[in-house]
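Following: one structure in structure tokens, then a few remarks.
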Amino acid sequence: MAFEDDNPFITQEFSDSLINSQVIGEKTGWYLKIFQNEFCYTNAYIKTHSYGEYIFDWQWAHAYEQNNLPYYPKLVHAIPFTPVNSPKIIGGGQENKRKFIREIKKEYLNSPLSSHHYLFIDLNEVELLSQEDYLIRDSIQFHWKNEWQSFEHFLDSLKMRKRKMIKKERLNAQKLGLRIEKREFHQLTGDEVQSIFRLYLETIDKKQSNAYLNQKTFELWTNKLSHQGFVFLAYKERKIVAMSLFFHSSTTLYGRYWGCDPLYQSQYLHFEMCYYLGIDYCIENKLSLFEAGAQGEQKLLRGFRPVVIKSAHHFKHPQYHSAIEGFIKQESLEIGKQLHLMEQYLPYKNSH
């Protein structure tokens with residue numbers, strides 16, 4: 001789990017970048033609400049939809065709607081558009097956090113909000129929130145854990161067929177004839193940031209997804225978080241044709257965005273720029289963990305282990321709280337089965 005000290009996503013600069021680029025706020029259905037006392041604080045959002053959260057609750061919203069009950073607005077503690085594990089209650093100490101959680105819950109219960117959600121929480125928060133009658137939900141992500149002195153050392157730990165597969169994928173990426181350069185945020189020019197945003201939109205178009213961010217967001221990130229992020233840029237001659245964007249703390253690399261010109265679209269280039277170069281970076285910089293984003297079973301065959309991610313949920317309506325508790329328990333059993341199956345597909349020679 002991420003630490004509180006230098007996680008880039010819990011900084012004021014990251015929050016301000018979303019506010020000042022207007023990707024959160026009144027027009028987007030993310031109404032920022034800050035809770036704070038002398039020991040702790042947390043950013044929360046009053047939400048009028050469930051987009052940009054990555055812990056999916058559409059079924060719950062549909063169940064409310066079918067019974068003519070309002071599911072929105074709801075209260076959510078999350079990093080907008082960012083499926084990254086981080087503490088949601090900042091500061092304090094365990095006992096102060098416990099009291100703070102109770103204060104927030106009391107305010108929520110006295111509001112017109114239907115429900116209260118903490119997404120991508122750390123293990124300490126799991127304990128505290130479960131004690132306050134929040135339902136703890138499991139989800140799966142894929143994380144790469146660094147135990148290696150070099151990429152070759154990592155490859156040596158894999159089964160022969162998987163080792164050959166990765167070597168072949170990296171070689172095929174090289175055969176595309178593109179030049180890949182790493183650029184720190186603070187090194188980027190305005191034109192390069194514009195190109196990065198254009199490539200971000202290419203991925204959005206390809207996935208028929210929502211463009212939550214705008215060019216101003218990227219400009220603010222590269223300016224305000226200048227030493228906590230970098231990009232890999234792929235060039236065809238002088239033109240930027242692909243990019244992968246990362247943030248990092250002192251312990252963890254966070255893969256966030258990928259984009260590629262349709263003329264150069266290649267799964268090999270994607271694997272190289274989003275996975276293998278990230279692994280290289282972790283090894284070189286002695287980072288212990290690589291969180292490469294939401295979903296993506298293809299990560300499993302490339303050394304990313306399935307891990308359980310936690311979220312916490314409370315519903316004012318007692319019948320729905322009870323019904324969703326049953327749903328979450330059943331879902332957790334299914335996730336346990338999925339984990340067991342996924343672990344059998346890991347490429348390592350031994351369980352490690």
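Here, A, B, ... name the chains of the structure tokens in the order displayed, residue numbers run from 1 inside each chain, and ligands are numbered from 1 in the same displayed order.
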Can you build me a table of stretch 23-72 of chain A residues sitting at most 12 Å from stretch 309-318 of chain A, with the closest atom pair per residue and its distance in Å to one decimal, using only C-alpha atoms, sorted by chain and residue number, as a tab-separated table?
residue	atom	partner	partner_atom	distance
A:Glu53	CA	A:Ser311	CA	11.1
A:Tyr54	CA	A:Ser311	CA	10.7
A:Ile55	CA	A:Ser311	CA	7.8
A:Phe56	CA	A:Ser311	CA	10.7
A:Asp57	CA	A:His313	CA	10.2
A:Trp60	CA	A:Phe315	CA	10.3
A:Ala61	CA	A:Phe315	CA	11.5
A:Tyr64	CA	A:His317	CA	10.1
A:Leu69	CA	A:His317	CA	9.7
A:Pro70	CA	A:His317	CA	10.8
A:Tyr71	CA	A:Phe315	CA	9.6
A:Tyr72	CA	A:Phe315	CA	11.8
Write out as number ranges by chain the set of residues from stretch 139-294 of chain A that DSSP, computed on the backbone, places in helix (DSSP H, G or I).
A: 151-156, 160-174, 185-187, 190-207, 215-224, 262-264, 267-285
Residue with smallest distance to A:Gln265 - pool A:Gln149, A:Asn37, A:Thr203, A:Ser139, counting only C-alpha atoms:
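Among the listed residues, the smallest separation from A:Gln265 belongs to A:Thr203.
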Identify, on the basis of only C-alpha atoms, every residue whose closest approach to A:Leu201 does not exceed 8 Å; exclude the query and any residue fewer than 3 positions from it along the same chain; express the result as a PyMOL selection string.
chain A and resi 197-198+204-205+211+259
Go ahead and save the residues from that selection, with N, CA and C atoms, as a compact mmCIF listing (two decimals), in the first residue's frame.
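What landed in part08.txt:
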# COMPACT_ATOMS: atom_id res chain seq x y z
N PHE A 197 -1.33 15.11 -24.70
CA PHE A 197 -2.79 15.18 -24.56
C PHE A 197 -3.48 14.63 -25.80
N ARG A 198 -2.95 14.96 -26.98
CA ARG A 198 -3.54 14.44 -28.22
C ARG A 198 -3.52 12.92 -28.23
N ILE A 204 -8.70 7.34 -25.66
CA ILE A 204 -10.10 7.54 -25.29
C ILE A 204 -11.01 7.19 -26.46
N ASP A 205 -10.66 7.67 -27.65
CA ASP A 205 -11.46 7.40 -28.85
C ASP A 205 -11.48 5.90 -29.16
N ALA A 211 -13.42 11.22 -21.91
CA ALA A 211 -12.23 12.06 -21.73
C ALA A 211 -12.43 12.90 -20.48
N GLY A 259 -0.99 6.44 -24.87
CA GLY A 259 -1.62 6.89 -26.09
C GLY A 259 -0.72 6.62 -27.27
Mind giving me the straight-line distance from atom CA of A:Tyr276 to atom CA of A:Leu123 in Å, one decimal?
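Pair atom CA of A:Tyr276 / atom CA of A:Leu123 returns 28.5 Å.
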Among the residues A:Leu135, A:Leu128, A:Leu178, A:Ile140, the one that comes closest to A:Gln295 [using only C-alpha atoms]:
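For A:Gln295, the nearest of the given residues is A:Ile140.
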Per residue of stretch 296-325 of chain A within 9 Å of stretch 337-347 of chain A, record the nearest atom pair and its distance in Å to one decimal, counting only C-alpha atoms, with rows in chain order and ascending residue number, as a tab-separated table.
residue	atom	partner	partner_atom	distance
A:Glu297	CA	A:Met342	CA	8.6
A:Leu300	CA	A:Leu346	CA	5.9
A:Leu301	CA	A:Pro347	CA	5.6
A:Arg302	CA	A:Pro347	CA	6.9
A:Gly303	CA	A:Pro347	CA	6.1
A:Phe304	CA	A:Leu346	CA	7.9
A:Arg305	CA	A:Leu346	CA	7.1
A:Pro306	CA	A:Leu339	CA	6.5
A:Val307	CA	A:Leu339	CA	7.8
A:Val308	CA	A:Leu339	CA	8.4
May I have the selected residues written with C-alpha atoms, as a short mmCIF file (atom, residue, chain, number, x, y, z; two decimals), in the first residue's frame?
data_model
loop_
_atom_site.label_atom_id
_atom_site.label_comp_id
_atom_site.auth_asym_id
_atom_site.auth_seq_id
_atom_site.Cartn_x
_atom_site.Cartn_y
_atom_site.Cartn_z
CA GLU A 297 -5.35 -9.64 -17.23
CA LEU A 300 -0.57 -11.46 -15.32
CA LEU A 301 1.55 -13.24 -17.94
CA ARG A 302 4.18 -10.49 -17.66
CA GLY A 303 4.88 -10.86 -13.96
CA PHE A 304 2.20 -8.65 -12.40
CA ARG A 305 0.59 -10.45 -9.48
CA PRO A 306 -3.15 -10.32 -8.73
CA VAL A 307 -3.79 -8.48 -5.46
CA VAL A 308 -6.95 -7.69 -3.54
#
Which of stretch 93-174 of chain A DSSP labels strand (DSSP E), written as a VMD selection string
chain A and resid 115 to 121 135 to 145
Any chance you could export the current selection's N, CA and C atoms as an mmCIF file, in the first residue's frame?
data_model
loop_
_atom_site.group_PDB
_atom_site.id
_atom_site.type_symbol
_atom_site.label_atom_id
_atom_site.label_comp_id
_atom_site.auth_asym_id
_atom_site.auth_seq_id
_atom_site.Cartn_x
_atom_site.Cartn_y
_atom_site.Cartn_z
ATOM 1 N N SER A 115 -25.582 7.377 0.524
ATOM 2 C CA SER A 115 -24.565 6.384 0.877
ATOM 3 C C SER A 115 -23.203 7.053 0.968
ATOM 4 N N HIS A 116 -22.254 6.307 1.514
ATOM 5 C CA HIS A 116 -20.927 6.850 1.818
ATOM 6 C C HIS A 116 -19.885 5.814 1.428
ATOM 7 N N HIS A 117 -18.883 6.216 0.641
ATOM 8 C CA HIS A 117 -17.941 5.266 0.041
ATOM 9 C C HIS A 117 -16.497 5.754 0.178
ATOM 10 N N TYR A 118 -15.617 4.837 0.590
ATOM 11 C CA TYR A 118 -14.176 5.091 0.608
ATOM 12 C C TYR A 118 -13.554 4.101 -0.386
ATOM 13 N N LEU A 119 -12.886 4.604 -1.426
ATOM 14 C CA LEU A 119 -12.380 3.747 -2.489
ATOM 15 C C LEU A 119 -10.859 3.649 -2.450
ATOM 16 N N PHE A 120 -10.339 2.447 -2.742
ATOM 17 C CA PHE A 120 -8.894 2.191 -2.792
ATOM 18 C C PHE A 120 -8.220 2.608 -1.481
ATOM 19 N N ILE A 121 -8.680 2.002 -0.390
ATOM 20 C CA ILE A 121 -8.195 2.382 0.938
ATOM 21 C C ILE A 121 -7.023 1.503 1.359
ATOM 22 N N LEU A 135 -19.228 -1.692 4.930
ATOM 23 C CA LEU A 135 -19.041 -2.964 4.246
ATOM 24 C C LEU A 135 -17.737 -2.916 3.457
ATOM 25 N N ILE A 136 -16.888 -3.911 3.645
ATOM 26 C CA ILE A 136 -15.588 -3.933 2.965
ATOM 27 C C ILE A 136 -15.703 -4.794 1.714
ATOM 28 N N ARG A 137 -15.432 -4.164 0.584
ATOM 29 C CA ARG A 137 -15.566 -4.833 -0.713
ATOM 30 C C ARG A 137 -14.201 -5.125 -1.304
ATOM 31 N N ASP A 138 -14.064 -6.287 -1.935
ATOM 32 C CA ASP A 138 -12.821 -6.687 -2.596
ATOM 33 C C ASP A 138 -12.896 -6.416 -4.093
ATOM 34 N N SER A 139 -11.776 -6.005 -4.659
ATOM 35 C CA SER A 139 -11.599 -5.908 -6.101
ATOM 36 C C SER A 139 -10.200 -6.436 -6.414
ATOM 37 N N ILE A 140 -9.913 -6.627 -7.693
ATOM 38 C CA ILE A 140 -8.605 -7.160 -8.096
ATOM 39 C C ILE A 140 -7.861 -6.143 -8.951
ATOM 40 N N GLN A 141 -6.587 -5.957 -8.638
ATOM 41 C CA GLN A 141 -5.652 -5.252 -9.515
ATOM 42 C C GLN A 141 -4.433 -6.142 -9.721
ATOM 43 N N PHE A 142 -3.519 -5.674 -10.582
ATOM 44 C CA PHE A 142 -2.291 -6.418 -10.865
ATOM 45 C C PHE A 142 -1.096 -5.521 -10.566
ATOM 46 N N HIS A 143 -0.256 -5.957 -9.644
ATOM 47 C CA HIS A 143 0.903 -5.175 -9.216
ATOM 48 C C HIS A 143 2.178 -5.987 -9.439
ATOM 49 N N TRP A 144 3.232 -5.287 -9.809
ATOM 50 C CA TRP A 144 4.547 -5.915 -9.964
ATOM 51 C C TRP A 144 5.394 -5.562 -8.750
ATOM 52 N N LYS A 145 5.923 -6.589 -8.098
ATOM 53 C CA LYS A 145 6.733 -6.383 -6.894
ATOM 54 C C LYS A 145 8.200 -6.565 -7.243
#
Quick one: everything within 10 Å of A:Ser86, counting only C-alpha atoms, minus sequence neighbours fewer than 2 positions away in the same chain. Send it as a PyMOL selection string.
chain A and resi 1-4+7-10+78-79+83-84+88-90+119-123
Go ahead and save the residues from that selection, with N, CA and C atoms, as a PDB file, in the first residue's frame.
ATOM      1  N   MET A   1       0.834  -1.198   0.000  1.00  0.00           N
ATOM      2  CA  MET A   1       0.000   0.000   0.000  1.00  0.00           C
ATOM      3  C   MET A   1       0.878   1.262   0.000  1.00  0.00           C
ATOM      4  N   ALA A   2       0.314   2.321  -0.518  1.00  0.00           N
ATOM      5  CA  ALA A   2       1.071   3.568  -0.600  1.00  0.00           C
ATOM      6  C   ALA A   2       1.247   4.210   0.762  1.00  0.00           C
ATOM      7  N   PHE A   3       2.313   4.957   0.919  1.00  0.00           N
ATOM      8  CA  PHE A   3       2.602   5.651   2.167  1.00  0.00           C
ATOM      9  C   PHE A   3       2.116   7.090   2.093  1.00  0.00           C
ATOM     10  N   GLU A   4       1.895   7.682   3.252  1.00  0.00           N
ATOM     11  CA  GLU A   4       1.352   9.026   3.292  1.00  0.00           C
ATOM     12  C   GLU A   4       2.388  10.092   2.937  1.00  0.00           C
ATOM     13  N   ASN A   7       3.164  10.308  -1.498  1.00  0.00           N
ATOM     14  CA  ASN A   7       2.253   9.836  -2.526  1.00  0.00           C
ATOM     15  C   ASN A   7       1.769  11.043  -3.339  1.00  0.00           C
ATOM     16  N   PRO A   8       1.999  11.076  -4.653  1.00  0.00           N
ATOM     17  CA  PRO A   8       1.676  12.290  -5.420  1.00  0.00           C
ATOM     18  C   PRO A   8       0.187  12.597  -5.478  1.00  0.00           C
ATOM     19  N   PHE A   9      -0.661  11.576  -5.295  1.00  0.00           N
ATOM     20  CA  PHE A   9      -2.093  11.764  -5.505  1.00  0.00           C
ATOM     21  C   PHE A   9      -2.820  12.339  -4.293  1.00  0.00           C
ATOM     22  N   ILE A  10      -2.146  12.409  -3.159  1.00  0.00           N
ATOM     23  CA  ILE A  10      -2.798  12.999  -1.984  1.00  0.00           C
ATOM     24  C   ILE A  10      -2.245  14.389  -1.686  1.00  0.00           C
ATOM     25  N   ALA A  78     -12.318   9.488  -2.809  1.00  0.00           N
ATOM     26  CA  ALA A  78     -11.579   8.848  -3.903  1.00  0.00           C
ATOM     27  C   ALA A  78     -10.673   9.876  -4.546  1.00  0.00           C
ATOM     28  N   ILE A  79      -9.682   9.409  -5.269  1.00  0.00           N
ATOM     29  CA  ILE A  79      -8.881  10.282  -6.117  1.00  0.00           C
ATOM     30  C   ILE A  79      -9.543  10.262  -7.485  1.00  0.00           C
ATOM     31  N   PRO A  83      -7.372   5.052 -10.239  1.00  0.00           N
ATOM     32  CA  PRO A  83      -7.523   3.814  -9.469  1.00  0.00           C
ATOM     33  C   PRO A  83      -6.226   3.402  -8.770  1.00  0.00           C
ATOM     34  N   VAL A  84      -5.833   4.227  -7.804  1.00  0.00           N
ATOM     35  CA  VAL A  84      -4.551   4.055  -7.118  1.00  0.00           C
ATOM     36  C   VAL A  84      -4.798   3.906  -5.631  1.00  0.00           C
ATOM     37  N   LYS A  88      -6.922   7.541   2.608  1.00  0.00           N
ATOM     38  CA  LYS A  88      -7.966   8.547   2.402  1.00  0.00           C
ATOM     39  C   LYS A  88      -8.078   9.493   3.594  1.00  0.00           C
ATOM     40  N   ILE A  89      -7.704   9.018   4.780  1.00  0.00           N
ATOM     41  CA  ILE A  89      -7.677   9.863   5.972  1.00  0.00           C
ATOM     42  C   ILE A  89      -6.223  10.227   6.227  1.00  0.00           C
ATOM     43  N   ILE A  90      -5.886  11.490   6.116  1.00  0.00           N
ATOM     44  CA  ILE A  90      -4.500  11.939   6.203  1.00  0.00           C
ATOM     45  C   ILE A  90      -4.239  12.513   7.589  1.00  0.00           C
ATOM     46  N   LEU A 119     -12.886   4.604  -1.426  1.00  0.00           N
ATOM     47  CA  LEU A 119     -12.380   3.747  -2.489  1.00  0.00           C
ATOM     48  C   LEU A 119     -10.859   3.649  -2.450  1.00  0.00           C
ATOM     49  N   PHE A 120     -10.339   2.447  -2.742  1.00  0.00           N
ATOM     50  CA  PHE A 120      -8.894   2.191  -2.792  1.00  0.00           C
ATOM     51  C   PHE A 120      -8.220   2.608  -1.481  1.00  0.00           C
ATOM     52  N   ILE A 121      -8.680   2.002  -0.390  1.00  0.00           N
ATOM     53  CA  ILE A 121      -8.195   2.382   0.938  1.00  0.00           C
ATOM     54  C   ILE A 121      -7.023   1.503   1.359  1.00  0.00           C
ATOM     55  N   ASP A 122      -6.291   1.968   2.388  1.00  0.00           N
ATOM     56  CA  ASP A 122      -5.180   1.163   2.888  1.00  0.00           C
ATOM     57  C   ASP A 122      -5.670   0.257   4.024  1.00  0.00           C
ATOM     58  N   LEU A 123      -4.796  -0.637   4.465  1.00  0.00           N
ATOM     59  CA  LEU A 123      -5.214  -1.685   5.399  1.00  0.00           C
ATOM     60  C   LEU A 123      -5.644  -1.129   6.754  1.00  0.00           C
TER      61      LEU A 123
END
Between atom CA of A:Ile166 and atom CA of A:Arg183, what is the spacing in Å?
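Separation of atom CA of A:Arg183 and atom CA of A:Ile166: 24.4 Å.
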Residue among A:Ser195, A:Asn214, A:Thr251, A:Ser15 lying closest to A:Ala44, counting only C-alpha atoms
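Looking only at the distances to A:Ala44, the closest residue turns out to be A:Ser15.
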Sort by chain and increasing residue number a table of all residues of stretch 217-306 of chain A within 10 Å of stretch 20-26 of chain A, each with its closest pair of atoms and their distance in Å to one decimal, counting only C-alpha atoms, and write it as JSON lines.
{"residue": "A:Thr217", "atom": "CA", "partner": "A:Ser21", "partner_atom": "CA", "distance": 5.3}
{"residue": "A:Phe218", "atom": "CA", "partner": "A:Ser21", "partner_atom": "CA", "distance": 8.9}
{"residue": "A:Glu219", "atom": "CA", "partner": "A:Ser21", "partner_atom": "CA", "distance": 9.1}
{"residue": "A:Leu220", "atom": "CA", "partner": "A:Ser21", "partner_atom": "CA", "distance": 7.8}
What does the file look like for those residues with C-alpha atoms, as an mmCIF file, in the first residue's frame?
data_model
loop_
_atom_site.group_PDB
_atom_site.id
_atom_site.type_symbol
_atom_site.label_atom_id
_atom_site.label_comp_id
_atom_site.auth_asym_id
_atom_site.auth_seq_id
_atom_site.Cartn_x
_atom_site.Cartn_y
_atom_site.Cartn_z
ATOM 1 C CA THR A 217 -4.827 19.143 -16.503
ATOM 2 C CA PHE A 218 -1.702 17.812 -18.181
ATOM 3 C CA GLU A 219 -0.130 21.263 -18.229
ATOM 4 C CA LEU A 220 -0.714 21.679 -14.483
#
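Interatomic distance, atom CA of A:Phe271 to atom CA of A:Tyr257: 12.7 Å.
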My list of candidates is A:Glu169, A:Glu325, A:Glu284, A:Glu65. Which is closest to A:Leu253 when distances are computed with only C-alpha atoms?
A:Glu284
